[in-house]
Amino acid sequence: PIYVPAEDEALITELLTGLLDEKMTGLTTEGVEVRRYLVKCKREWHPALQLLADGEIPPAKLPGLPVASRARAIATGELGKHLAGEVALFEPPAGEQRRWRVRPYMRTARLLTDFPFTAPVTTTVSSPDCAPYSWTWPRGDALRSDVLVFEPDEDSTPHEPLLRFFRAGSVSSPAKALYVLVPRDWAIEPTA
């Protein structure tokens with residue numbers, strides 16, 4: 001343990017945060033949304049999720065949240081099994097700004113493997129000026145379609161294949177290759 005006088009705590013916190021801030025390469029880390037993936041681990045495909053919590057969000061996405069104070073997002077439901085505690089801080093619009101600023105409390109941009117497609121990505125938003133309420137992260141609704149279409153992620157490699165969720169159901173796309181996840185008991189037959 002190292003003794004730090006109270007007046008120097010902020011300086012030490014900033015220093016340690018800078019030393020421990022590991023830059024993530026590959027996957028995007030900016031934005032406020034959920035991205036779903038299929039990732040291949042040990043010859044098997046697993047559902048995965050990336051929670052982006054670093055960016056801005058319009059007030060319409062946070063109904064009922066007063067713009068007078070900060071708010072915190074706390075992981076709940078399935079997300080609470082993968083991330084513990086507070087995941088993001090929401091700072092209200094200030095001055096000329098019209099959007100809330102979202103800042104991550106932890107490294108939320110890493111892939112959370114084995115996060116079921118059928119589980120929504122939920123948090124509890126709490127602020128000193130309002131009662132806590134449940135909030136589904138943008139693009140974090142449960143995927144309930146029997147047909148899920150994926151495309152290769154730009155960071156995918158032959159040794160570490162990574163497929164990013166594109167759309168549920170029927171799809172028309174100029175992409176050279178798309179991958180479709182269907183239930184195991186389905187059979188696919190060519191029409192011609």
# chains A, B, ... in the order shown; residues from 1 in each chain; ligands from 1
$ residues_around --residues "Leu49 of chain A" --least-positions-apart "3" --cutoff "8 Å" --atoms "only C-alpha atoms" --output "list in words"
Val34, Arg35, Arg36, Tyr37, Leu111, Leu112, Thr113 and Phe115 of chain A
$ residues_around --residues "segment 41-46 of chain A" --least-positions-apart "2" --cutoff "8 Å" --atoms "only C-alpha atoms" --output "short mmCIF file (atom, residue, chain, number, x, y, z; two decimals) with all heavy atoms, in the first residue's frame"
data_model
loop_
_atom_site.label_atom_id
_atom_site.label_comp_id
_atom_site.auth_asym_id
_atom_site.auth_seq_id
_atom_site.Cartn_x
_atom_site.Cartn_y
_atom_site.Cartn_z
N LEU A 38 -21.41 -13.45 -33.93
CA LEU A 38 -21.12 -14.87 -33.78
C LEU A 38 -19.60 -14.96 -33.80
O LEU A 38 -18.95 -14.43 -34.70
CB LEU A 38 -21.69 -15.68 -34.94
CG LEU A 38 -23.12 -16.15 -34.82
CD1 LEU A 38 -23.56 -16.87 -36.10
CD2 LEU A 38 -23.31 -17.07 -33.63
N VAL A 39 -19.03 -15.61 -32.80
CA VAL A 39 -17.58 -15.74 -32.71
C VAL A 39 -17.25 -17.23 -32.60
O VAL A 39 -17.94 -17.98 -31.93
CB VAL A 39 -17.03 -14.93 -31.51
CG1 VAL A 39 -17.60 -15.40 -30.19
CG2 VAL A 39 -15.53 -14.96 -31.48
N ALA A 48 -22.25 -13.56 -29.21
CA ALA A 48 -21.46 -12.60 -28.43
C ALA A 48 -22.08 -11.21 -28.59
O ALA A 48 -22.90 -10.98 -29.48
CB ALA A 48 -20.01 -12.59 -28.91
N THR A 113 -18.89 -12.99 -24.57
CA THR A 113 -19.23 -14.25 -25.23
C THR A 113 -20.33 -14.98 -24.48
O THR A 113 -20.44 -14.87 -23.26
CB THR A 113 -17.97 -15.13 -25.33
OG1 THR A 113 -16.94 -14.37 -25.93
CG2 THR A 113 -18.22 -16.36 -26.18
N ASP A 114 -21.13 -15.73 -25.23
CA ASP A 114 -22.26 -16.51 -24.72
C ASP A 114 -23.38 -15.63 -24.16
O ASP A 114 -24.07 -16.01 -23.22
CB ASP A 114 -21.80 -17.55 -23.69
CG ASP A 114 -20.95 -18.64 -24.34
OD1 ASP A 114 -21.26 -19.02 -25.49
OD2 ASP A 114 -19.98 -19.09 -23.71
#
$ select_by_dssp --residues "chain A" --states "helix (DSSP H, G or I)" --output "ChimeraX atom specification"
/A:6-20,59-61,77-82
$ closest_residue --among "A:Glu160, A:Asp146, A:Glu96, A:Asp153" --to "Asp185 of chain A" --atoms "only C-alpha atoms"
A:Asp146
$ residues_around --residues "Asp54 of chain A" --least-positions-apart "6" --cutoff "10 Å" --atoms "only C-alpha atoms" --output "ChimeraX atom specification"
/A:29-33,88-90,101-105,108-109
$ closest_residue --among "A:Pro190, A:Pro120, A:Pro161, A:Pro183" --to "Trp135 of chain A" --atoms "only C-alpha atoms"
A:Pro120
$ closest_residue --among "A:Leu79, A:Ala68, A:Ile57, A:Val121" --to "Arg99 of chain A" --atoms "only C-alpha atoms"
A:Ile57
$ atom_distance --atom1 "atom CA of Arg144 of chain A" --atom2 "atom CA of Pro47 of chain A"
13.5 Å
$ residues_around --residues "Ala175 of chain A" --least-positions-apart "6" --cutoff "12 Å" --atoms "only C-alpha atoms" --output "list in words"
Val149, Phe150, Glu151, Pro152 and Phe166 of chain A
$ closest_atom_pairs --of "segment 110-140 of chain A" --to "segment 70-73 of chain A" --cutoff "9 Å" --atoms "only C-alpha atoms" --output "CSV"
residue,atom,partner,partner_atom,distance
A:Thr123,CA,A:Ala73,CA,5.7
A:Thr124,CA,A:Ala73,CA,5.5
A:Val125,CA,A:Ala73,CA,4.6
A:Ser126,CA,A:Arg72,CA,5.4
A:Ser127,CA,A:Ala71,CA,4.4
A:Pro128,CA,A:Ala71,CA,7.6
A:Asp129,CA,A:Ala71,CA,8.9
A:Trp135,CA,A:Ala73,CA,8.5
$ write_last_selection --atoms "C-alpha atoms" --output "PDB file, in the first residue's frame"
ATOM      1  CA  THR A 123     -29.835  -1.476 -17.492  1.00  0.00           C
ATOM      2  CA  THR A 124     -31.390   0.474 -14.665  1.00  0.00           C
ATOM      3  CA  VAL A 125     -30.948   4.214 -15.091  1.00  0.00           C
ATOM      4  CA  SER A 126     -30.806   6.121 -11.841  1.00  0.00           C
ATOM      5  CA  SER A 127     -30.485   9.810 -11.070  1.00  0.00           C
ATOM      6  CA  PRO A 128     -30.844  11.778  -7.841  1.00  0.00           C
ATOM      7  CA  ASP A 129     -33.748  13.677  -9.449  1.00  0.00           C
ATOM      8  CA  TRP A 135     -33.834   0.993 -19.957  1.00  0.00           C
TER       9      TRP A 135
END
$ atom_distance --atom1 "atom CA of Met106 of chain A" --atom2 "atom CA of Leu52 of chain A"
10.7 Å
$ select_by_dssp --residues "segment 30-144 of chain A" --states "strand (DSSP E)" --output "PyMOL selection string"
chain A and resi 31-41+44-57+71-75+86-91+100-104+111-113+122-127+130-136
$ closest_residue --among "A:Gly77, A:Pro138, A:Pro116, A:Pro5" --to "Leu62 of chain A" --atoms "only C-alpha atoms"
A:Pro138
$ decode --residues "segment 28-43 of chain A" --atoms "all heavy atoms" --output "mmCIF file, in the first residue's frame"
data_model
loop_
_atom_site.group_PDB
_atom_site.id
_atom_site.type_symbol
_atom_site.label_atom_id
_atom_site.label_comp_id
_atom_site.auth_asym_id
_atom_site.auth_seq_id
_atom_site.Cartn_x
_atom_site.Cartn_y
_atom_site.Cartn_z
ATOM 1 N N THR A 28 -14.565 -1.557 -32.919
ATOM 2 C CA THR A 28 -14.908 -0.165 -32.650
ATOM 3 C C THR A 28 -15.213 0.003 -31.169
ATOM 4 O O THR A 28 -15.815 -0.866 -30.557
ATOM 5 C CB THR A 28 -16.152 0.224 -33.468
ATOM 6 O OG1 THR A 28 -15.862 0.014 -34.834
ATOM 7 C CG2 THR A 28 -16.534 1.660 -33.252
ATOM 8 N N THR A 29 -14.803 1.129 -30.604
ATOM 9 C CA THR A 29 -15.058 1.358 -29.181
ATOM 10 C C THR A 29 -15.886 2.609 -28.929
ATOM 11 O O THR A 29 -16.197 2.907 -27.795
ATOM 12 C CB THR A 29 -13.733 1.467 -28.399
ATOM 13 O OG1 THR A 29 -12.977 2.551 -28.938
ATOM 14 C CG2 THR A 29 -12.929 0.184 -28.486
ATOM 15 N N GLU A 30 -16.237 3.352 -29.979
ATOM 16 C CA GLU A 30 -17.018 4.571 -29.790
ATOM 17 C C GLU A 30 -18.448 4.379 -30.265
ATOM 18 O O GLU A 30 -18.709 3.668 -31.232
ATOM 19 C CB GLU A 30 -16.376 5.736 -30.533
ATOM 20 C CG GLU A 30 -15.087 6.180 -29.898
ATOM 21 C CD GLU A 30 -14.510 7.408 -30.571
ATOM 22 O OE1 GLU A 30 -15.177 7.984 -31.447
ATOM 23 O OE2 GLU A 30 -13.385 7.774 -30.224
ATOM 24 N N GLY A 31 -19.360 5.046 -29.574
ATOM 25 C CA GLY A 31 -20.767 4.976 -29.915
ATOM 26 C C GLY A 31 -21.586 4.578 -28.701
ATOM 27 O O GLY A 31 -21.034 4.248 -27.643
ATOM 28 N N VAL A 32 -22.905 4.610 -28.853
ATOM 29 C CA VAL A 32 -23.801 4.178 -27.786
ATOM 30 C C VAL A 32 -24.796 3.236 -28.438
ATOM 31 O O VAL A 32 -25.814 3.647 -28.983
ATOM 32 C CB VAL A 32 -24.526 5.373 -27.126
ATOM 33 C CG1 VAL A 32 -25.427 4.891 -25.998
ATOM 34 C CG2 VAL A 32 -23.518 6.384 -26.596
ATOM 35 N N GLU A 33 -24.459 1.952 -28.431
ATOM 36 C CA GLU A 33 -25.297 0.941 -29.046
ATOM 37 C C GLU A 33 -24.821 -0.446 -28.648
ATOM 38 O O GLU A 33 -23.790 -0.605 -28.011
ATOM 39 C CB GLU A 33 -25.300 1.074 -30.570
ATOM 40 C CG GLU A 33 -23.965 0.750 -31.212
ATOM 41 C CD GLU A 33 -23.997 0.820 -32.724
ATOM 42 O OE1 GLU A 33 -24.857 0.166 -33.334
ATOM 43 O OE2 GLU A 33 -23.147 1.524 -33.292
ATOM 44 N N VAL A 34 -25.596 -1.433 -29.073
ATOM 45 C CA VAL A 34 -25.234 -2.834 -28.886
ATOM 46 C C VAL A 34 -24.930 -3.416 -30.254
ATOM 47 O O VAL A 34 -25.640 -3.151 -31.217
ATOM 48 C CB VAL A 34 -26.400 -3.615 -28.229
ATOM 49 C CG1 VAL A 34 -26.163 -5.106 -28.297
ATOM 50 C CG2 VAL A 34 -26.576 -3.170 -26.786
ATOM 51 N N ARG A 35 -23.893 -4.212 -30.325
ATOM 52 C CA ARG A 35 -23.574 -4.959 -31.543
ATOM 53 C C ARG A 35 -23.532 -6.433 -31.179
ATOM 54 O O ARG A 35 -22.937 -6.804 -30.174
ATOM 55 C CB ARG A 35 -22.243 -4.513 -32.116
ATOM 56 C CG ARG A 35 -22.291 -3.084 -32.600
ATOM 57 C CD ARG A 35 -21.010 -2.690 -33.248
ATOM 58 N NE ARG A 35 -21.134 -1.317 -33.747
ATOM 59 C CZ ARG A 35 -20.121 -0.639 -34.227
ATOM 60 N NH1 ARG A 35 -18.930 -1.183 -34.277
ATOM 61 N NH2 ARG A 35 -20.308 0.596 -34.664
ATOM 62 N N ARG A 36 -24.182 -7.221 -32.009
ATOM 63 C CA ARG A 36 -24.224 -8.667 -31.756
ATOM 64 C C ARG A 36 -23.353 -9.381 -32.781
ATOM 65 O O ARG A 36 -23.266 -8.979 -33.937
ATOM 66 C CB ARG A 36 -25.648 -9.161 -31.827
ATOM 67 C CG ARG A 36 -26.519 -8.461 -30.772
ATOM 68 C CD ARG A 36 -27.588 -9.372 -30.294
ATOM 69 N NE ARG A 36 -28.500 -8.690 -29.410
ATOM 70 C CZ ARG A 36 -28.844 -9.166 -28.224
ATOM 71 N NH1 ARG A 36 -28.343 -10.287 -27.793
ATOM 72 N NH2 ARG A 36 -29.695 -8.504 -27.477
ATOM 73 N N TYR A 37 -22.730 -10.479 -32.325
ATOM 74 C CA TYR A 37 -21.790 -11.218 -33.157
ATOM 75 C C TYR A 37 -21.980 -12.723 -32.992
ATOM 76 O O TYR A 37 -22.575 -13.184 -32.016
ATOM 77 C CB TYR A 37 -20.349 -10.900 -32.741
ATOM 78 C CG TYR A 37 -19.911 -9.485 -33.005
ATOM 79 C CD1 TYR A 37 -20.074 -8.493 -32.046
ATOM 80 C CD2 TYR A 37 -19.316 -9.147 -34.205
ATOM 81 C CE1 TYR A 37 -19.664 -7.192 -32.284
ATOM 82 C CE2 TYR A 37 -18.898 -7.840 -34.449
ATOM 83 C CZ TYR A 37 -19.073 -6.876 -33.488
ATOM 84 O OH TYR A 37 -18.661 -5.593 -33.727
ATOM 85 N N LEU A 38 -21.406 -13.449 -33.932
ATOM 86 C CA LEU A 38 -21.120 -14.866 -33.779
ATOM 87 C C LEU A 38 -19.603 -14.964 -33.796
ATOM 88 O O LEU A 38 -18.950 -14.430 -34.699
ATOM 89 C CB LEU A 38 -21.689 -15.684 -34.938
ATOM 90 C CG LEU A 38 -23.119 -16.153 -34.821
ATOM 91 C CD1 LEU A 38 -23.561 -16.868 -36.101
ATOM 92 C CD2 LEU A 38 -23.312 -17.074 -33.630
ATOM 93 N N VAL A 39 -19.032 -15.611 -32.797
ATOM 94 C CA VAL A 39 -17.581 -15.741 -32.706
ATOM 95 C C VAL A 39 -17.247 -17.230 -32.602
ATOM 96 O O VAL A 39 -17.941 -17.984 -31.926
ATOM 97 C CB VAL A 39 -17.028 -14.932 -31.509
ATOM 98 C CG1 VAL A 39 -17.598 -15.403 -30.190
ATOM 99 C CG2 VAL A 39 -15.526 -14.958 -31.484
ATOM 100 N N LYS A 40 -16.207 -17.639 -33.311
ATOM 101 C CA LYS A 40 -15.827 -19.057 -33.313
ATOM 102 C C LYS A 40 -14.749 -19.295 -32.268
ATOM 103 O O LYS A 40 -13.670 -18.703 -32.313
ATOM 104 C CB LYS A 40 -15.337 -19.474 -34.695
ATOM 105 C CG LYS A 40 -15.262 -20.963 -34.876
ATOM 106 C CD LYS A 40 -15.050 -21.322 -36.333
ATOM 107 C CE LYS A 40 -15.203 -22.811 -36.528
ATOM 108 N NZ LYS A 40 -15.051 -23.156 -37.952
ATOM 109 N N CYS A 41 -15.063 -20.151 -31.310
ATOM 110 C CA CYS A 41 -14.137 -20.525 -30.239
ATOM 111 C C CYS A 41 -14.094 -22.044 -30.159
ATOM 112 O O CYS A 41 -15.141 -22.690 -29.994
ATOM 113 C CB CYS A 41 -14.590 -19.967 -28.895
ATOM 114 S SG CYS A 41 -14.714 -18.195 -28.807
ATOM 115 N N LYS A 42 -12.921 -22.599 -30.286
ATOM 116 C CA LYS A 42 -12.748 -24.051 -30.159
ATOM 117 C C LYS A 42 -13.694 -24.814 -31.079
ATOM 118 O O LYS A 42 -14.411 -25.715 -30.666
ATOM 119 C CB LYS A 42 -12.920 -24.489 -28.711
ATOM 120 C CG LYS A 42 -11.921 -23.861 -27.771
ATOM 121 C CD LYS A 42 -12.165 -24.287 -26.345
ATOM 122 C CE LYS A 42 -11.219 -23.546 -25.428
ATOM 123 N NZ LYS A 42 -11.492 -23.801 -24.024
ATOM 124 N N ARG A 43 -13.710 -24.409 -32.344
ATOM 125 C CA ARG A 43 -14.485 -25.077 -33.403
ATOM 126 C C ARG A 43 -16.001 -24.953 -33.269
ATOM 127 O O ARG A 43 -16.738 -25.623 -33.949
ATOM 128 C CB ARG A 43 -14.095 -26.544 -33.516
ATOM 129 C CG ARG A 43 -12.657 -26.762 -33.880
ATOM 130 C CD ARG A 43 -12.380 -28.211 -34.078
ATOM 131 N NE ARG A 43 -10.969 -28.403 -34.382
ATOM 132 C CZ ARG A 43 -10.418 -29.558 -34.536
ATOM 133 N NH1 ARG A 43 -11.139 -30.660 -34.428
ATOM 134 N NH2 ARG A 43 -9.142 -29.655 -34.817
#
